[in-house]
Amino acid sequence: MLIEACEESGSFDLPHYIDHLAERIGTPSLVVCLDSGAGDYERLWNTTSLRGMASGDLVVEILREGVHSGDASGIVADTFRMVRGLLERLEDAGTGAMPADLSVEIPAQRVEQARAAARVLGEAVHAKFPFVPGARPMAEELHERILNRTWRPTLTVTGQAGLPALADAGNVLRPRTSLKLSLRLPPTLEGQPAARFVKELLERDPPYGATVRFEHADGVTGWNAPPIADWLDASVARASHAYFGNPAASMGEGGTIPFMGMLGEKFPGAQFLITGVLGPGSNAHGPNEFLHLPTGKKLTACVAAVLADHLRRTR
């Protein structure tokens with residue numbers, strides 16, 4: 001058992017320990033990861049894929065210092081407008097669609113699994129998110145919402161610099177605008193080439209000759225599970241029925257577990273059981289993050305049952 005303690009910082013330690021302990025680890029036939037999600041708290045969920053990520057800071061600068069907006073506007077372009085135009089290269093503001101270079105063909109099996117998960121979850125696919133009254137999800141069909149979340153690239157602006165708080169804003173044309181960009185990538189798309197593509201896309205032909213930089217660009221490749229073996233499929237099904245009283249289900253996850261791609265490469269012959277307790281309302285990374293204790297207990301029992309099945313078949 002390896003307890004990985006820097007996952008939220010990018011898991012940069014884990015590969016070194018895997019290599020250092022390679023002789024002791026040997027060639028595992030089953031890898032279990034307990035850092036993933038659950039579509040609901042009613043069954044055992046097996047994660048079939050994880051998205052990758054590309055991130056960086058978009059900085060647009062046109063002045064050495066701020067100037068009076070009434071004096072300069074119309075001559076000096078506003079950096080926020082330039083940022084809007086640059087982001088449009090990356091994401092269609094109306095639909096959220098992104099360039100073909102950041103997309104992949106979704107495997108037919110994953111599409112069918114998304115349809116099956118949608119049938120199990122129903123409105124819970126999106127109801128777990130705290131929408132304001134009147135707001136709605138991006139796609140119409142439930143399984144398309146799942147595929148948007150697990151296999152299609154999406155952009156989130158997670159931070160900014162250069163914009164003062166409303167109470168502090170004056171009639172100043174600001175010299176620069178900076179945004180922190182987080183792009184979730186399809187599981188099978190290479191992260192570093194994707195980050196380089198985004199950097200080139202944003203930095204080429206800067207509007208009005210302004211300074212445009214995509215700084216700290218980095219990429220992490222996602223993970224797509226190998227075909228599940230019959231014994232593991234049957235074991236997961238038995239465990240879910242035994243401890244949850246419901247069939248197991250499979251679904252991709254929208255987040256990134258950086259070390260999963262590394263483990264997949266190092267142990268290509270292994271089977272993978274990727275599961276976890278990040279279910280509805282758990283709000284990972286939020287101030288009200290919580291653990292659903294009954295599910296945690298049942299999941300522990302399920303994993304123990306799968307390990308016991310594996311031991312019996314390898315004796």
# chains A, B, ... in the order shown; residues from 1 in each chain; ligands from 1
$ residues_around --residues "stretch 245-259 of chain A" --least-positions-apart "4" --cutoff "7 Å" --atoms "only C-alpha atoms" --output "number ranges by chain"
A: 10-11, 37, 42-53, 113-114, 117, 149-150, 220, 222, 236-237, 240-241, 263
$ residues_around --residues "stretch 204-212 of chain A" --least-positions-apart "3" --cutoff "7 Å" --atoms "only C-alpha atoms" --output "short mmCIF file (atom, residue, chain, number, x, y, z; two decimals) with N, CA and C atoms, in the first residue's frame"
data_model
loop_
_atom_site.label_atom_id
_atom_site.label_comp_id
_atom_site.auth_asym_id
_atom_site.auth_seq_id
_atom_site.Cartn_x
_atom_site.Cartn_y
_atom_site.Cartn_z
N VAL A 59 -1.57 36.90 -19.64
CA VAL A 59 -1.27 38.28 -19.26
C VAL A 59 -1.31 39.15 -20.52
N VAL A 60 -2.12 40.19 -20.49
CA VAL A 60 -2.21 41.14 -21.61
C VAL A 60 -1.87 42.53 -21.07
N GLU A 61 -0.86 43.18 -21.68
CA GLU A 61 -0.35 44.45 -21.18
C GLU A 61 -0.15 45.41 -22.34
N ILE A 62 -0.64 46.65 -22.18
CA ILE A 62 -0.49 47.62 -23.26
C ILE A 62 0.10 48.95 -22.79
N MET A 82 -9.23 43.04 -25.16
CA MET A 82 -8.27 42.18 -25.86
C MET A 82 -8.30 40.77 -25.29
N GLU A 200 0.77 28.89 -27.96
CA GLU A 200 0.98 29.44 -29.30
C GLU A 200 -0.28 30.12 -29.81
N LEU A 201 -1.43 29.55 -29.54
CA LEU A 201 -2.70 30.10 -30.00
C LEU A 201 -2.95 31.48 -29.40
#
$ select_by_dssp --residues "stretch 142-299 of chain A" --states "strand (DSSP E)" --output "VMD selection string"
chain A and resid 154 to 161 172 to 173 176 to 185 211 to 220 223 to 224 249 to 253 271 to 274
$ write_last_selection --atoms "N, CA and C atoms" --output "short mmCIF file (atom, residue, chain, number, x, y, z; two decimals), in the first residue's frame"
data_model
loop_
_atom_site.label_atom_id
_atom_site.label_comp_id
_atom_site.auth_asym_id
_atom_site.auth_seq_id
_atom_site.Cartn_x
_atom_site.Cartn_y
_atom_site.Cartn_z
N THR A 154 -12.89 21.73 -21.73
CA THR A 154 -13.63 22.87 -21.21
C THR A 154 -12.66 23.86 -20.58
N LEU A 155 -13.07 25.11 -20.57
CA LEU A 155 -12.24 26.19 -20.03
C LEU A 155 -12.90 26.78 -18.80
N THR A 156 -12.12 26.98 -17.74
CA THR A 156 -12.57 27.69 -16.55
C THR A 156 -11.55 28.77 -16.22
N VAL A 157 -12.02 29.98 -15.99
CA VAL A 157 -11.17 31.06 -15.51
C VAL A 157 -11.22 31.02 -13.99
N THR A 158 -10.10 30.69 -13.36
CA THR A 158 -10.10 30.46 -11.91
C THR A 158 -9.52 31.61 -11.09
N GLY A 159 -8.98 32.62 -11.75
CA GLY A 159 -8.43 33.75 -11.00
C GLY A 159 -8.12 34.91 -11.91
N GLN A 160 -7.89 36.09 -11.31
CA GLN A 160 -7.58 37.28 -12.10
C GLN A 160 -6.69 38.21 -11.31
N ALA A 161 -5.99 39.07 -12.05
CA ALA A 161 -5.24 40.16 -11.46
C ALA A 161 -5.36 41.36 -12.38
N VAL A 172 -10.12 54.76 -14.60
CA VAL A 172 -8.75 54.51 -15.03
C VAL A 172 -8.73 53.43 -16.09
N LEU A 173 -8.04 53.69 -17.19
CA LEU A 173 -7.79 52.66 -18.18
C LEU A 173 -6.59 51.86 -17.68
N ARG A 176 -2.96 46.53 -17.59
CA ARG A 176 -2.89 45.10 -17.90
C ARG A 176 -4.07 44.36 -17.28
N THR A 177 -4.35 43.20 -17.85
CA THR A 177 -5.32 42.27 -17.30
C THR A 177 -4.71 40.88 -17.35
N SER A 178 -4.82 40.12 -16.25
CA SER A 178 -4.27 38.78 -16.19
C SER A 178 -5.36 37.82 -15.71
N LEU A 179 -5.41 36.66 -16.32
CA LEU A 179 -6.38 35.63 -15.95
C LEU A 179 -5.65 34.30 -15.77
N LYS A 180 -6.05 33.54 -14.77
CA LYS A 180 -5.56 32.17 -14.60
C LYS A 180 -6.54 31.25 -15.31
N LEU A 181 -6.04 30.48 -16.27
CA LEU A 181 -6.87 29.60 -17.09
C LEU A 181 -6.64 28.15 -16.70
N SER A 182 -7.73 27.42 -16.59
CA SER A 182 -7.67 25.98 -16.32
C SER A 182 -8.48 25.28 -17.39
N LEU A 183 -7.82 24.46 -18.20
CA LEU A 183 -8.50 23.71 -19.27
C LEU A 183 -8.51 22.24 -18.91
N ARG A 184 -9.69 21.65 -18.84
CA ARG A 184 -9.80 20.21 -18.69
C ARG A 184 -9.76 19.59 -20.08
N LEU A 185 -8.96 18.54 -20.21
CA LEU A 185 -8.69 17.93 -21.52
C LEU A 185 -9.24 16.52 -21.59
N THR A 211 1.61 43.42 -25.41
CA THR A 211 2.35 42.29 -24.88
C THR A 211 1.37 41.23 -24.41
N VAL A 212 1.46 40.04 -24.99
CA VAL A 212 0.59 38.93 -24.61
C VAL A 212 1.47 37.75 -24.23
N ARG A 213 1.29 37.25 -23.01
CA ARG A 213 2.07 36.11 -22.53
C ARG A 213 1.13 35.08 -21.91
N PHE A 214 1.43 33.80 -22.20
CA PHE A 214 0.75 32.72 -21.48
C PHE A 214 1.82 32.07 -20.61
N GLU A 215 1.88 32.52 -19.37
CA GLU A 215 2.96 32.15 -18.47
C GLU A 215 2.63 30.89 -17.68
N HIS A 216 3.69 30.21 -17.23
CA HIS A 216 3.57 29.02 -16.38
C HIS A 216 2.70 27.94 -17.05
N ALA A 217 2.78 27.87 -18.37
CA ALA A 217 1.98 26.87 -19.09
C ALA A 217 2.44 25.47 -18.73
N ASP A 218 1.49 24.63 -18.38
CA ASP A 218 1.82 23.26 -17.99
C ASP A 218 0.66 22.36 -18.38
N GLY A 219 0.97 21.09 -18.60
CA GLY A 219 -0.07 20.15 -18.99
C GLY A 219 0.10 18.80 -18.32
N VAL A 220 -1.01 18.17 -18.00
CA VAL A 220 -1.04 16.84 -17.40
C VAL A 220 -1.94 15.96 -18.25
N TRP A 223 -6.30 9.90 -18.20
CA TRP A 223 -6.18 8.43 -18.11
C TRP A 223 -7.46 7.80 -18.63
N ASN A 224 -7.29 6.72 -19.39
CA ASN A 224 -8.42 5.94 -19.90
C ASN A 224 -8.18 4.49 -19.52
N ALA A 249 -21.95 0.58 -11.11
CA ALA A 249 -22.04 1.44 -12.29
C ALA A 249 -20.65 1.97 -12.63
N SER A 250 -20.49 2.36 -13.89
CA SER A 250 -19.21 2.87 -14.38
C SER A 250 -19.42 4.23 -15.02
N MET A 251 -18.46 5.11 -14.83
CA MET A 251 -18.55 6.44 -15.42
C MET A 251 -17.18 7.10 -15.38
N GLY A 252 -16.89 7.93 -16.36
CA GLY A 252 -15.69 8.74 -16.32
C GLY A 252 -15.85 9.86 -15.32
N GLU A 253 -14.74 10.44 -14.91
CA GLU A 253 -14.75 11.57 -13.99
C GLU A 253 -14.17 12.80 -14.69
N GLN A 271 -4.94 -4.59 -14.02
CA GLN A 271 -6.33 -4.17 -13.98
C GLN A 271 -6.44 -3.02 -12.97
N PHE A 272 -7.45 -2.16 -13.17
CA PHE A 272 -7.58 -0.99 -12.32
C PHE A 272 -8.99 -0.90 -11.74
N LEU A 273 -9.05 -0.71 -10.42
CA LEU A 273 -10.29 -0.37 -9.75
C LEU A 273 -10.11 1.03 -9.17
N ILE A 274 -10.69 2.00 -9.84
CA ILE A 274 -10.57 3.40 -9.44
C ILE A 274 -11.94 3.82 -8.91
#
$ closest_residue --among "A:Ala22, A:Met260, A:Leu34, A:Leu87" --to "A:Leu202" --atoms "only C-alpha atoms"
A:Leu87
$ closest_residue --among "A:Leu102, A:Pro280, A:Asn171, A:Val303" --to "A:Pro193" --atoms "only C-alpha atoms"
A:Leu102
$ residues_around --residues "A:Pro28" --least-positions-apart "4" --cutoff "9 Å" --atoms "only C-alpha atoms" --output "list in words"
Phe267, Gly269, Ala270 and Gln271 of chain A
$ write_last_selection --atoms "N, CA and C atoms" --output "JSON list (two decimals), in the first residue's frame"
[["chain", "number", "residue", "atom", "x", "y", "z"],
["A", 267, "PHE", "N", 2.42, 0.18, -15.40],
["A", 267, "PHE", "CA", 1.85, -1.15, -15.21],
["A", 267, "PHE", "C", 0.79, -1.43, -16.28],
["A", 269, "GLY", "N", -0.06, -4.00, -17.88],
["A", 269, "GLY", "CA", -0.78, -5.27, -17.83],
["A", 269, "GLY", "C", -1.72, -5.38, -16.66],
["A", 270, "ALA", "N", -1.80, -4.34, -15.81],
["A", 270, "ALA", "CA", -2.61, -4.41, -14.60],
["A", 270, "ALA", "C", -4.07, -4.08, -14.89],
["A", 271, "GLN", "N", -4.94, -4.59, -14.02],
["A", 271, "GLN", "CA", -6.33, -4.17, -13.98],
["A", 271, "GLN", "C", -6.44, -3.02, -12.97]]
$ residues_around --residues "A:Pro137" --least-positions-apart "5" --cutoff "10 Å" --atoms "only C-alpha atoms" --output "compact mmCIF listing (two decimals) with N, CA and C atoms, in the first residue's frame"
# COMPACT_ATOMS: atom_id res chain seq x y z
N VAL A 125 -27.56 13.86 -12.47
CA VAL A 125 -26.37 14.21 -13.26
C VAL A 125 -25.99 15.67 -13.02
N HIS A 126 -27.01 16.53 -12.95
CA HIS A 126 -26.73 17.96 -12.77
C HIS A 126 -27.31 18.53 -11.48
N ALA A 127 -28.28 17.83 -10.86
CA ALA A 127 -28.95 18.38 -9.69
C ALA A 127 -28.02 18.54 -8.49
N PHE A 129 -25.32 20.08 -8.40
CA PHE A 129 -24.63 21.36 -8.43
C PHE A 129 -25.57 22.48 -7.98
N PHE A 131 -27.03 25.31 -8.63
CA PHE A 131 -27.46 26.33 -9.59
C PHE A 131 -28.32 27.39 -8.89
N LEU A 142 -29.05 14.16 -20.99
CA LEU A 142 -28.29 13.81 -19.79
C LEU A 142 -26.95 13.19 -20.12
N ARG A 145 -24.39 15.68 -21.14
CA ARG A 145 -23.82 16.41 -20.01
C ARG A 145 -22.68 15.61 -19.37
$ residues_around --residues "A:Thr300" --least-positions-apart "6" --cutoff "12 Å" --atoms "only C-alpha atoms" --output "list in words"
Val32, Cys33, Leu34, Leu44, Ala239, Ser240, Tyr243, Phe244, Thr275, Gly276, Val277, Leu293, Pro294, Val306 and Leu307 of chain A
$ residues_around --residues "A:Ile106" --least-positions-apart "5" --cutoff "10 Å" --atoms "only C-alpha atoms" --output "compact mmCIF listing (two decimals) with C-alpha atoms, in the first residue's frame"
# COMPACT_ATOMS: atom_id res chain seq x y z
CA VAL A 111 -20.53 6.78 -24.96
CA LEU A 147 -19.68 13.39 -21.89
CA THR A 150 -15.66 13.60 -18.86
CA TRP A 151 -14.48 13.58 -22.50
CA ARG A 152 -14.71 17.09 -23.92
CA PRO A 186 -9.98 14.65 -22.94
CA PRO A 187 -8.48 11.61 -21.17
CA THR A 188 -6.41 10.44 -24.15
